[in-house]
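Enquirer: My structure is in structure-v7.cif, and what it holds is mmCIF, C-alpha atoms and all ligand atoms:
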```
data_coords
loop_
_atom_site.label_atom_id
_atom_site.label_comp_id
_atom_site.auth_asym_id
_atom_site.auth_seq_id
_atom_site.Cartn_x
_atom_site.Cartn_y
_atom_site.Cartn_z
CA MET A 1 -40.89 -1.71 -41.92
CA LEU A 2 -38.90 0.69 -39.74
CA GLN A 3 -36.55 1.46 -42.63
CA GLY A 4 -36.18 5.24 -42.89
CA LYS A 5 -38.55 5.94 -39.99
CA LYS A 6 -37.70 8.83 -37.69
CA ILE A 7 -38.17 7.92 -34.06
CA VAL A 8 -37.99 10.25 -31.05
CA LEU A 9 -36.94 8.07 -28.13
CA GLY A 10 -37.83 9.53 -24.74
CA ILE A 11 -35.82 8.16 -21.82
CA THR A 12 -36.79 8.75 -18.18
CA GLY A 13 -35.28 8.08 -14.76
CA SER A 14 -35.70 4.35 -14.34
CA ILE A 15 -33.19 1.62 -13.69
CA ALA A 16 -34.37 0.18 -17.01
CA ALA A 17 -32.80 3.20 -18.78
CA TYR A 18 -29.75 1.09 -19.66
CA LYS A 19 -32.04 -1.04 -21.81
CA SER A 20 -32.69 1.97 -24.04
CA CYS A 21 -29.26 1.25 -25.57
CA LEU A 22 -30.62 -2.08 -26.75
CA ILE A 23 -33.73 -0.35 -28.07
CA ILE A 24 -31.60 2.11 -30.04
CA ARG A 25 -29.41 -0.66 -31.40
CA GLU A 26 -32.47 -2.63 -32.56
CA LEU A 27 -34.13 0.44 -34.10
CA VAL A 28 -30.94 1.38 -35.95
CA LYS A 29 -30.47 -2.23 -37.09
CA ARG A 30 -33.93 -2.09 -38.65
CA GLY A 31 -33.06 1.11 -40.48
CA ALA A 32 -34.63 3.77 -38.24
CA GLU A 33 -33.17 7.17 -37.39
CA VAL A 34 -33.28 7.86 -33.65
CA GLN A 35 -33.29 11.15 -31.75
CA VAL A 36 -33.04 10.80 -27.99
CA VAL A 37 -34.81 13.18 -25.62
CA ILE A 38 -33.90 12.47 -22.00
CA THR A 39 -35.26 13.81 -18.72
CA PRO A 40 -32.90 15.18 -16.04
CA ALA A 41 -33.55 12.06 -13.94
CA GLY A 42 -32.84 9.85 -16.96
CA LYS A 43 -29.30 11.28 -17.12
CA GLU A 44 -28.68 9.95 -13.62
CA PHE A 45 -29.07 6.43 -15.03
CA ILE A 46 -27.38 6.64 -18.40
CA THR A 47 -25.00 9.17 -19.91
CA PRO A 48 -25.86 11.23 -22.97
CA ILE A 49 -22.42 10.38 -24.39
CA THR A 50 -23.32 6.70 -24.67
CA LEU A 51 -26.66 7.54 -26.23
CA SER A 52 -25.30 10.00 -28.78
CA ALA A 53 -22.59 7.54 -29.77
CA LEU A 54 -25.30 5.00 -30.58
CA THR A 55 -27.65 7.38 -32.38
CA GLN A 56 -24.95 9.54 -34.01
CA LYS A 57 -26.92 12.60 -32.88
CA PRO A 58 -26.60 14.97 -29.92
CA VAL A 59 -28.99 14.06 -27.15
CA VAL A 60 -31.71 16.61 -26.41
CA SER A 61 -32.25 17.28 -22.73
CA GLU A 62 -32.40 20.96 -21.85
CA PHE A 63 -34.64 23.63 -23.31
CA PHE A 64 -31.50 25.68 -23.97
CA SER A 65 -28.51 23.77 -25.27
CA GLN A 66 -25.98 26.50 -24.44
CA ARG A 67 -26.07 29.89 -22.80
CA ASP A 68 -25.93 31.56 -26.23
CA GLY A 69 -29.63 31.83 -27.01
CA THR A 70 -29.91 28.60 -29.05
CA TRP A 71 -32.78 26.49 -27.90
CA ASN A 72 -34.04 23.05 -28.71
CA SER A 73 -37.35 23.14 -30.50
CA HIS A 74 -39.82 20.57 -29.26
CA VAL A 75 -42.19 21.76 -31.98
CA LYS A 76 -39.69 20.82 -34.69
CA LEU A 77 -39.18 17.40 -33.13
CA GLY A 78 -42.94 16.93 -33.02
CA LEU A 79 -43.12 17.53 -36.76
CA TRP A 80 -39.94 15.59 -37.63
CA ALA A 81 -40.92 12.29 -36.00
CA ASP A 82 -42.82 9.36 -37.50
CA ALA A 83 -43.27 8.03 -33.96
CA MET A 84 -42.39 8.88 -30.39
CA LEU A 85 -41.41 6.04 -28.08
CA ILE A 86 -41.00 6.63 -24.36
CA ALA A 87 -39.04 3.71 -22.93
CA PRO A 88 -38.56 3.36 -20.06
CA CYS A 89 -41.44 5.53 -18.87
CA THR A 90 -41.66 6.14 -15.10
CA ALA A 91 -44.84 6.62 -13.09
CA SER A 92 -43.89 10.29 -12.76
CA THR A 93 -43.61 10.81 -16.53
CA LEU A 94 -46.88 8.90 -17.09
CA GLY A 95 -48.56 11.31 -14.67
CA LYS A 96 -47.05 14.38 -16.30
CA MET A 97 -48.08 13.17 -19.75
CA ALA A 98 -51.64 12.48 -18.60
CA HIS A 99 -51.95 15.96 -17.06
CA GLY A 100 -49.80 18.13 -19.30
CA VAL A 101 -47.18 19.04 -16.71
CA ALA A 102 -44.67 20.39 -19.21
CA ASP A 103 -41.68 20.96 -16.95
CA ASN A 104 -39.06 19.23 -19.07
CA MET A 105 -38.07 18.80 -22.70
CA LEU A 106 -39.55 15.30 -22.95
CA ILE A 107 -43.04 16.39 -21.92
CA THR A 108 -43.02 19.49 -24.14
CA THR A 109 -41.96 17.26 -27.04
CA TYR A 110 -44.78 14.84 -26.18
CA LEU A 111 -47.32 17.66 -26.11
CA SER A 112 -46.13 18.89 -29.51
CA MET A 113 -46.02 15.42 -31.06
CA LYS A 114 -47.97 14.98 -34.29
CA ALA A 115 -46.98 11.32 -34.71
CA PRO A 116 -48.28 8.25 -32.81
CA VAL A 117 -46.89 7.83 -29.30
CA PHE A 118 -45.81 4.52 -27.74
CA VAL A 119 -45.14 4.16 -24.03
CA ALA A 120 -43.29 1.32 -22.26
CA PRO A 121 -43.88 1.74 -18.50
CA ALA A 122 -41.18 0.69 -16.03
CA MET A 123 -41.65 0.82 -12.28
CA ASP A 124 -42.00 -1.45 -9.30
CA LEU A 125 -45.18 -3.44 -8.78
CA ASP A 126 -46.66 -1.23 -6.03
CA MET A 127 -46.30 1.91 -8.10
CA TYR A 128 -47.69 0.10 -11.14
CA ALA A 129 -50.71 -1.24 -9.22
CA HIS A 130 -51.54 2.13 -7.62
CA PRO A 131 -54.89 3.47 -8.86
CA THR A 132 -53.21 6.76 -9.86
CA THR A 133 -50.85 4.96 -12.25
CA GLN A 134 -53.63 2.77 -13.60
CA GLN A 135 -55.83 5.79 -14.18
CA ASN A 136 -53.01 7.70 -15.88
CA MET A 137 -52.45 4.78 -18.23
CA GLU A 138 -56.17 4.68 -19.04
CA THR A 139 -56.05 8.42 -19.71
CA LEU A 140 -53.11 8.01 -22.09
CA LYS A 141 -54.90 5.17 -23.89
CA SER A 142 -57.96 7.39 -24.26
CA PHE A 143 -55.67 9.93 -26.00
CA GLY A 144 -54.80 7.20 -28.51
CA ASN A 145 -51.33 6.49 -27.08
CA HIS A 146 -50.14 2.89 -27.23
CA ILE A 147 -49.08 1.31 -23.94
CA ILE A 148 -46.55 -1.49 -24.50
CA GLU A 149 -46.19 -3.85 -21.56
CA PRO A 150 -45.49 -7.52 -21.02
CA GLN A 151 -48.66 -9.57 -21.37
CA SER A 152 -49.05 -11.88 -18.41
CA GLY A 153 -50.83 -14.71 -20.25
CA PHE A 154 -53.32 -16.91 -18.45
CA LEU A 155 -50.82 -19.23 -16.83
CA ALA A 156 -49.04 -16.31 -15.14
CA SER A 157 -52.11 -14.21 -14.55
CA GLY A 158 -52.73 -11.38 -12.10
CA LEU A 159 -50.07 -8.75 -11.52
CA GLU A 160 -47.10 -11.11 -11.68
CA GLY A 161 -44.26 -9.46 -13.62
CA LYS A 162 -46.25 -6.26 -14.12
CA GLY A 163 -44.51 -2.92 -14.12
CA ARG A 164 -41.37 -4.46 -15.63
CA MET A 165 -40.44 -2.86 -18.94
CA GLU A 166 -41.20 -5.00 -21.97
CA ASP A 167 -38.11 -6.56 -23.62
CA PRO A 168 -36.33 -4.12 -25.96
CA GLU A 169 -36.72 -6.39 -28.95
CA LYS A 170 -40.46 -6.80 -28.36
CA ILE A 171 -40.87 -3.04 -27.99
CA VAL A 172 -39.19 -2.50 -31.36
CA SER A 173 -41.23 -5.32 -32.93
CA TYR A 174 -44.38 -3.61 -31.67
CA LEU A 175 -43.41 -0.45 -33.56
CA ASP A 176 -42.36 -2.48 -36.58
CA ASN A 177 -45.74 -4.25 -36.66
CA TYR A 178 -47.51 -0.95 -36.27
CA PHE A 179 -45.80 0.48 -39.32
CA SER A 180 -45.90 -2.70 -41.39
CA ALA A 181 -49.63 -2.56 -41.93
CA THR A 182 -50.39 1.11 -42.21
CA PRO A 183 -51.66 1.55 -45.78
CA SER A 184 -49.14 4.31 -46.62
CA ASN A 185 -46.35 1.81 -46.03
CA ALA A 186 -47.96 -0.95 -48.03
CA ALA A 187 -47.72 1.08 -51.19
CA SER A 188 -44.05 1.88 -50.76
CA SER A 189 -42.93 -1.50 -49.45
CA GLY A 190 -43.97 -3.49 -52.47
CA ALA A 191 -44.98 -6.31 -50.15
CA THR A 192 -47.82 -8.23 -51.73
CA HIS A 193 -49.59 -9.19 -48.52
CA THR A 194 -49.24 -6.03 -46.54
CA ALA A 195 -52.44 -4.30 -45.57
CA GLU A 196 -54.68 -6.44 -47.77
CA LEU A 197 -56.90 -6.93 -44.71
CA SER A 198 -56.69 -3.28 -43.70
CA GLY A 199 -60.08 -2.04 -42.46
CA LYS A 200 -61.28 -5.59 -41.76
CA LYS A 201 -62.10 -6.94 -38.31
CA ILE A 202 -61.54 -10.64 -37.68
CA LEU A 203 -62.58 -12.80 -34.76
CA ILE A 204 -60.32 -15.72 -33.87
CA THR A 205 -60.85 -18.30 -31.14
CA ALA A 206 -57.78 -20.13 -29.85
CA GLY A 207 -56.49 -22.56 -27.26
CA PRO A 208 -58.34 -25.04 -25.10
CA THR A 209 -61.25 -24.45 -22.74
CA TYR A 210 -61.16 -25.45 -19.09
CA GLU A 211 -64.41 -26.79 -17.67
CA LYS A 212 -64.44 -26.59 -13.91
CA ILE A 213 -65.08 -29.64 -11.75
CA ASP A 214 -64.34 -28.02 -8.38
CA PRO A 215 -62.19 -25.06 -7.25
CA VAL A 216 -58.94 -26.87 -8.11
CA ARG A 217 -59.79 -29.24 -10.96
CA PHE A 218 -61.00 -28.94 -14.51
CA ILE A 219 -61.55 -30.89 -17.71
CA GLY A 220 -59.23 -29.56 -20.40
CA ASN A 221 -57.23 -30.64 -23.42
CA TYR A 222 -53.70 -30.39 -24.84
CA SER A 223 -54.29 -27.44 -27.21
CA SER A 224 -51.41 -24.94 -26.91
CA GLY A 225 -53.10 -22.14 -28.86
CA LYS A 226 -50.09 -21.87 -31.21
CA MET A 227 -52.15 -22.21 -34.38
CA GLY A 228 -54.73 -19.62 -33.28
CA TYR A 229 -52.05 -17.13 -32.18
CA ALA A 230 -50.18 -17.63 -35.48
CA LEU A 231 -53.41 -16.91 -37.37
CA ALA A 232 -54.03 -13.80 -35.28
CA GLU A 233 -50.51 -12.47 -36.00
CA GLU A 234 -50.87 -13.26 -39.70
CA CYS A 235 -54.20 -11.43 -40.00
CA ALA A 236 -52.89 -8.47 -37.97
CA ASN A 237 -49.71 -8.29 -40.07
CA ARG A 238 -51.92 -7.99 -43.12
CA GLY A 239 -53.67 -5.00 -41.56
CA ALA A 240 -56.74 -6.55 -39.88
CA GLU A 241 -57.99 -5.62 -36.43
CA VAL A 242 -58.14 -8.95 -34.60
CA VAL A 243 -60.24 -9.94 -31.62
CA LEU A 244 -58.47 -13.01 -30.25
CA VAL A 245 -60.73 -14.87 -27.83
CA SER A 246 -58.24 -17.08 -26.09
CA GLY A 247 -58.65 -19.99 -23.73
CA PRO A 248 -55.96 -20.60 -21.07
CA VAL A 249 -52.56 -20.69 -22.81
CA SER A 250 -49.03 -19.63 -21.93
CA LEU A 251 -48.66 -17.60 -25.15
CA THR A 252 -48.76 -13.83 -25.32
CA THR A 253 -48.93 -11.30 -28.11
CA SER A 254 -48.26 -7.62 -28.05
CA HIS A 255 -49.26 -6.85 -31.63
CA PRO A 256 -50.91 -3.43 -31.71
CA ARG A 257 -53.84 -4.70 -33.76
CA ILE A 258 -54.64 -7.78 -31.69
CA LYS A 259 -57.06 -7.42 -28.80
CA VAL A 260 -56.86 -10.48 -26.57
CA VAL A 261 -60.02 -11.45 -24.70
CA SER A 262 -58.99 -14.09 -22.14
CA VAL A 263 -61.59 -16.67 -21.23
CA GLU A 264 -61.57 -20.01 -19.50
CA SER A 265 -64.71 -22.01 -20.24
CA CYS A 266 -66.72 -22.71 -23.38
CA GLN A 267 -69.59 -20.63 -22.04
CA GLN A 268 -67.29 -17.62 -21.59
CA MET A 269 -65.82 -18.15 -25.06
CA TYR A 270 -69.32 -18.41 -26.49
CA ALA A 271 -70.37 -15.12 -24.86
CA ALA A 272 -67.26 -13.27 -26.10
CA ALA A 273 -67.47 -14.70 -29.64
CA THR A 274 -71.17 -14.09 -30.18
CA GLU A 275 -70.77 -10.53 -28.91
CA SER A 276 -67.89 -9.71 -31.30
CA PHE A 277 -69.01 -11.56 -34.42
CA PRO A 278 -71.69 -9.11 -35.67
CA SER A 279 -69.07 -6.36 -36.10
CA CYS A 280 -66.53 -8.68 -37.81
CA GLN A 281 -66.10 -9.53 -41.50
CA ALA A 282 -64.78 -13.01 -40.69
CA ALA A 283 -64.25 -15.50 -37.89
CA ILE A 284 -61.71 -18.30 -37.65
CA LEU A 285 -62.66 -20.85 -35.01
CA CYS A 286 -59.46 -22.50 -34.05
CA ALA A 287 -60.16 -23.23 -30.38
CA ALA A 288 -60.33 -26.80 -29.10
CA VAL A 289 -63.59 -26.36 -27.26
CA ALA A 290 -64.79 -28.93 -24.74
CA ASP A 291 -68.03 -30.43 -26.02
CA PHE A 292 -69.26 -31.17 -22.48
CA ARG A 293 -68.90 -29.64 -19.02
CA PRO A 294 -69.67 -30.91 -15.52
CA ALA A 295 -73.36 -30.40 -14.74
CA VAL A 296 -72.47 -28.91 -11.36
CA VAL A 297 -69.27 -27.29 -10.18
CA ALA A 298 -68.54 -28.39 -6.62
CA GLU A 299 -68.11 -25.41 -4.33
CA GLN A 300 -65.50 -27.20 -2.29
CA LYS A 301 -62.67 -29.48 -3.30
CA ILE A 302 -64.07 -32.94 -3.90
CA LYS A 303 -62.66 -35.43 -1.38
CA ARG A 304 -61.46 -38.90 -2.20
CA VAL A 305 -64.25 -41.22 -1.07
CA GLY A 306 -65.19 -44.64 -2.37
CA GLN A 307 -63.50 -46.62 -5.12
CA THR A 308 -64.99 -44.91 -8.17
CA MET A 309 -66.23 -41.50 -9.03
CA ASP A 310 -68.69 -40.24 -11.65
CA ILE A 311 -68.90 -36.77 -13.07
CA HIS A 312 -72.14 -36.02 -14.82
CA LEU A 313 -71.55 -33.97 -17.96
CA VAL A 314 -73.93 -31.75 -19.91
CA PRO A 315 -73.42 -30.43 -23.46
CA ASN A 316 -71.68 -27.12 -24.09
CA PRO A 317 -72.97 -24.69 -26.69
CA ASP A 318 -71.41 -25.06 -30.16
CA ILE A 319 -69.83 -21.68 -30.89
CA ALA A 320 -69.15 -22.45 -34.55
CA ALA A 321 -72.72 -23.62 -35.18
CA GLN A 322 -74.15 -20.54 -33.46
CA LEU A 323 -71.98 -18.17 -35.54
CA GLY A 324 -73.03 -20.19 -38.60
CA LYS A 325 -76.66 -19.32 -37.76
CA MET A 326 -75.83 -15.64 -37.19
CA LYS A 327 -73.70 -15.36 -40.34
CA LYS A 328 -74.67 -12.68 -42.88
CA PRO A 329 -73.96 -13.22 -46.62
CA ASP A 330 -70.90 -10.94 -46.52
CA GLN A 331 -69.30 -12.67 -43.53
CA VAL A 332 -66.80 -15.52 -43.85
CA LEU A 333 -66.72 -18.35 -41.31
CA VAL A 334 -63.77 -20.73 -41.03
CA GLY A 335 -63.69 -23.82 -38.84
CA PHE A 336 -61.16 -26.48 -37.90
CA ALA A 337 -61.73 -30.19 -37.72
CA LEU A 338 -59.53 -32.56 -35.84
CA GLU A 339 -60.17 -36.09 -36.96
CA THR A 340 -58.65 -39.49 -36.40
CA ASN A 341 -60.68 -41.42 -38.99
CA ASP A 342 -62.97 -40.83 -41.99
CA GLU A 343 -61.36 -37.41 -42.05
CA GLN A 344 -62.77 -35.97 -45.25
CA GLN A 345 -66.28 -37.21 -44.73
CA ASN A 346 -66.42 -35.93 -41.15
CA ALA A 347 -64.95 -32.56 -42.13
CA GLN A 348 -67.43 -32.14 -44.97
CA HIS A 349 -70.27 -32.96 -42.62
CA LYS A 350 -69.06 -30.26 -40.17
CA LEU A 351 -68.79 -27.74 -43.01
CA GLU A 352 -72.50 -28.17 -43.76
CA LYS A 353 -73.71 -28.61 -40.20
CA LYS A 354 -72.01 -25.44 -38.95
CA ASN A 355 -72.58 -23.38 -42.14
CA LEU A 356 -68.84 -22.75 -42.62
CA ASP A 357 -67.23 -21.32 -45.76
CA PHE A 358 -64.25 -23.60 -45.43
CA ILE A 359 -62.81 -25.98 -42.91
CA VAL A 360 -59.19 -26.69 -42.08
CA LEU A 361 -58.69 -30.40 -41.58
CA ASN A 362 -56.07 -31.64 -39.15
CA SER A 363 -55.50 -35.33 -39.10
CA LEU A 364 -54.09 -36.97 -36.00
CA ARG A 365 -52.58 -39.53 -38.39
CA ASN A 366 -49.87 -37.02 -39.28
CA ALA A 367 -47.34 -37.70 -36.53
CA GLY A 368 -45.57 -34.69 -34.99
CA THR A 369 -48.20 -32.17 -36.05
CA CYS A 370 -51.20 -30.65 -34.32
CA PHE A 371 -51.37 -30.28 -30.49
CA GLN A 372 -48.35 -28.68 -28.79
CA SER A 373 -46.30 -28.98 -31.96
CA ASP A 374 -44.75 -26.13 -33.97
CA GLN A 375 -45.62 -27.90 -37.21
CA ASN A 376 -48.90 -28.65 -38.85
CA GLN A 377 -50.14 -30.44 -41.93
CA VAL A 378 -53.61 -29.54 -43.10
CA SER A 379 -56.11 -29.80 -45.91
CA ILE A 380 -58.58 -27.08 -46.71
CA ILE A 381 -62.06 -28.29 -47.61
CA SER A 382 -64.74 -26.06 -49.06
CA ARG A 383 -67.76 -26.50 -51.30
CA ASP A 384 -65.29 -26.06 -54.20
CA GLY A 385 -63.27 -29.14 -53.23
CA LYS A 386 -60.24 -30.17 -51.19
CA ARG A 387 -56.68 -28.91 -51.23
CA ASP A 388 -53.82 -30.67 -49.44
CA TYR A 389 -50.84 -28.74 -48.09
CA ASP A 390 -47.36 -29.88 -47.13
CA ARG A 391 -46.21 -30.18 -43.55
CA LYS A 392 -45.00 -26.72 -42.46
CA PRO A 393 -44.34 -24.53 -39.42
CA LYS A 394 -47.59 -23.23 -37.95
CA ASN A 395 -46.94 -19.66 -39.07
CA ALA A 396 -46.56 -20.84 -42.70
CA VAL A 397 -49.79 -22.82 -42.35
CA ALA A 398 -51.41 -19.66 -40.99
CA SER A 399 -50.29 -17.83 -44.11
CA ASP A 400 -51.93 -20.47 -46.37
CA ILE A 401 -55.17 -20.27 -44.41
CA VAL A 402 -55.24 -16.47 -44.46
CA ASP A 403 -54.54 -16.54 -48.24
CA GLU A 404 -57.70 -18.64 -48.62
CA LEU A 405 -59.61 -16.24 -46.36
CA CYS A 406 -58.45 -13.24 -48.41
CA ASN A 407 -59.86 -14.88 -51.55
CA ARG A 408 -63.28 -14.92 -49.94
CA ILE A 409 -63.44 -11.69 -47.95
CA HIS A 410 -64.64 -8.55 -49.73
N1 LIG B 1 -66.30 -25.69 -32.05
C1 LIG B 1 -66.91 -24.63 -31.42
N2 LIG B 1 -67.64 -24.82 -30.29
C2 LIG B 1 -67.77 -26.06 -29.77
C3 LIG B 1 -67.14 -27.16 -30.40
C4 LIG B 1 -66.41 -26.93 -31.53
O1 LIG B 1 -66.78 -23.51 -31.89
N3 LIG B 1 -68.49 -26.22 -28.67
C5 LIG B 1 -65.56 -25.44 -33.31
C6 LIG B 1 -64.09 -25.68 -33.24
O2 LIG B 1 -63.40 -24.51 -32.89
C7 LIG B 1 -63.77 -26.10 -34.67
C8 LIG B 1 -65.02 -26.81 -35.10
O3 LIG B 1 -66.05 -26.35 -34.25
O4 LIG B 1 -63.60 -25.00 -35.52
C9 LIG B 1 -64.97 -28.30 -35.07
O5 LIG B 1 -64.60 -28.75 -33.81
P1 LIG B 1 -64.57 -30.30 -33.45
O6 LIG B 1 -64.39 -30.45 -32.00
O7 LIG B 1 -63.66 -31.01 -34.36
O8 LIG B 1 -66.04 -30.69 -33.87
P2 LIG B 1 -67.28 -31.08 -33.06
O9 LIG B 1 -68.44 -30.32 -33.60
O10 LIG B 1 -67.06 -31.01 -31.61
O11 LIG B 1 -67.46 -32.59 -33.55
P3 LIG B 1 -66.86 -33.95 -32.99
O12 LIG B 1 -66.50 -33.74 -31.55
O13 LIG B 1 -67.99 -34.88 -33.18
O14 LIG B 1 -65.71 -34.29 -33.86
#
```
Kindly present the structure from the file in structure tokens form.
Expert:
Amino acid sequence: MLQGKKIVLGITGSIAAYKSCLIIRELVKRGAEVQVVITPAGKEFITPITLSALTQKPVVSEFFSQRDGTWNSHVKLGLWADAMLIAPCTASTLGKMAHGVADNMLITTYLSMKAPVFVAPAMDLDMYAHPTTQQNMETLKSFGNHIIEPQSGFLASGLEGKGRMEDPEKIVSYLDNYFSATPSNAASSGATHTAELSGKKILITAGPTYEKIDPVRFIGNYSSGKMGYALAEECANRGAEVVLVSGPVSLTTSHPRIKVVSVESCQQMYAAATESFPSCQAAILCAAVADFRPAVVAEQKIKRVGQTMDIHLVPNPDIAAQLGKMKKPDQVLVGFALETNDEQQNAQHKLEKKNLDFIVLNSLRNAGTCFQSDQNQVSIISRDGKRDYDRKPKNAVASDIVDELCNRIH
């Protein structure tokens, strides 16, 4: 969806500047036209000759290109572009953007920009973690700018890897995704799916839950979150705003229309889901939620004493059933059922009990599907009957499920 798009690529003085060549190559490969604007410090890291050879355009850097009165118009660039991408973006440039310090061509272009702006920060961890940088990023977000950075994911949480510029291909995919579901593109692309969920907000739960036993142990399950993340990407690619309430998984997404809310336990997932649901048109409950949790969480690590050990469990809230109670007539609720026996009967029972519109049945009898796998084989059961699907990659299954959702959402 970047075909024919005009992109101003701002490059600043970071060691990651060499990666802007890969960004240009990827943008050009996807059909975009690229105009580079580089800061004086950026030129210390990469030469304009390399950049102009890749873009087939002179690189803009100085306000005045020659000493003959010709000057580069940042205003024209601001009108020309369909998007501005600043990658890599240093802490210094972030600060100048947040405060309007227009002392170079890149910042004046930014301030004149009429198109959406995307920023991929690149700096060392200390600079990234400094409150000034964090505040500047918040300021830019509040201006509507998109910050593209590697998502840490639960299993590498905290600041690990932060400050590093996102991979060039992921940066370009972010832009691609952004354009693929803007309604103006849908009309011209001829794609049947594109933007059919535009204006809709969808809640998705994904992954396992971890129920704490003590500070170092938990009760969990093998869910990888792949199905839920595939559903989130599918809905977002069709234009929906997605709230993805995710249990602990190693997956990440940087889709501009997916907001990830990371949780650990069922109770946290319940709180996040019940808060979001009233403002959503649909919810897909894909998480493998623990039905029980330890009655007490030991404050200290439990020691090995005696020959046996008992953990007393108490029931967790049922998120699906609660959303089923809250559901308004114009909301659509989709559940999953994982069964080993009496599949159809059990799934139908869950459909009624939880007030779902349809339920996606996974059978553990289908070897090589379900948990941890990239493939899945499902049936969709609703009050209208049952439909069986072939075994497919999870993203193709996601497409079938979202097709069914689109038939029901208005
Ligand atoms: N679910 C939920 N909250 C729970 C348990 C389940 O939201 N506490 C959702 C799951 O995300 C799924 C559906 O309910 O969409 C069915 O989950 P499953 O575990 O198969 O059903 P249970 O109601 O737990 O029934 P059982 O364990 O008896 O099979």
Enquirer: Have a look at CA of His146 (chain A) and CA of Pro116 (chain A) and let me know their distance in Å, one decimal.
Expert: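 So the two atoms, CA of His146 (chain A) and CA of Pro116 (chain A), lie 8.0 Å apart.
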Enquirer: Given a cut-off of 6 Å, what residues near ligand LIG 1 (chain B) show up using only C-alpha atoms and all ligand atoms, put as JSON, numbers by chain?
Expert: {"A": [285, 286, 287, 288, 289, 291, 316, 317, 318, 319, 320, 335, 336, 337, 338]}
Enquirer: Counting all atoms listed in the file, select every polymer residue within 9 Å of (-68.3, -27.6, -44.5) as defined in the file's coordinates, and provide the selection as a list in words.
Expert: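 The distance filter leaves exactly Val334, Gly335, Ala347, Gln348, His349, Lys350, Leu351, Glu352, Lys353, Lys354, Asn355, Leu356, Asp357, Phe358, Ile359, Ile381, Ser382 and Arg383 of chain A.
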Enquirer: Counting only C-alpha atoms, figure out which residue out of A:Val117, A:Ala232, A:Ala206, A:Val249 gets nearest to Tyr178 (chain A).
Expert: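 When distances to Tyr178 (chain A) are compared using only C-alpha atoms, the smallest one comes from A:Val117.
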Enquirer: Between CA of Val60 (chain A) and CA of Ser112 (chain A), what distance in Å does the model show, to one decimal?
Expert: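 Between these atoms lies a distance of 14.9 Å.
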Enquirer: Around all the atoms of region 204-219 of chain A listed in the file, draw an axis-aligned box and extend it by 4 Å on each of the six sides; I want its centre and edge lengths in Å to one decimal, as AutoDock Vina command-line options.
Expert:
```
--center_x -60.8 --center_y -23.3 --center_z -20.6 --size_x 16.6 --size_y 23.2 --size_z 34.6
```
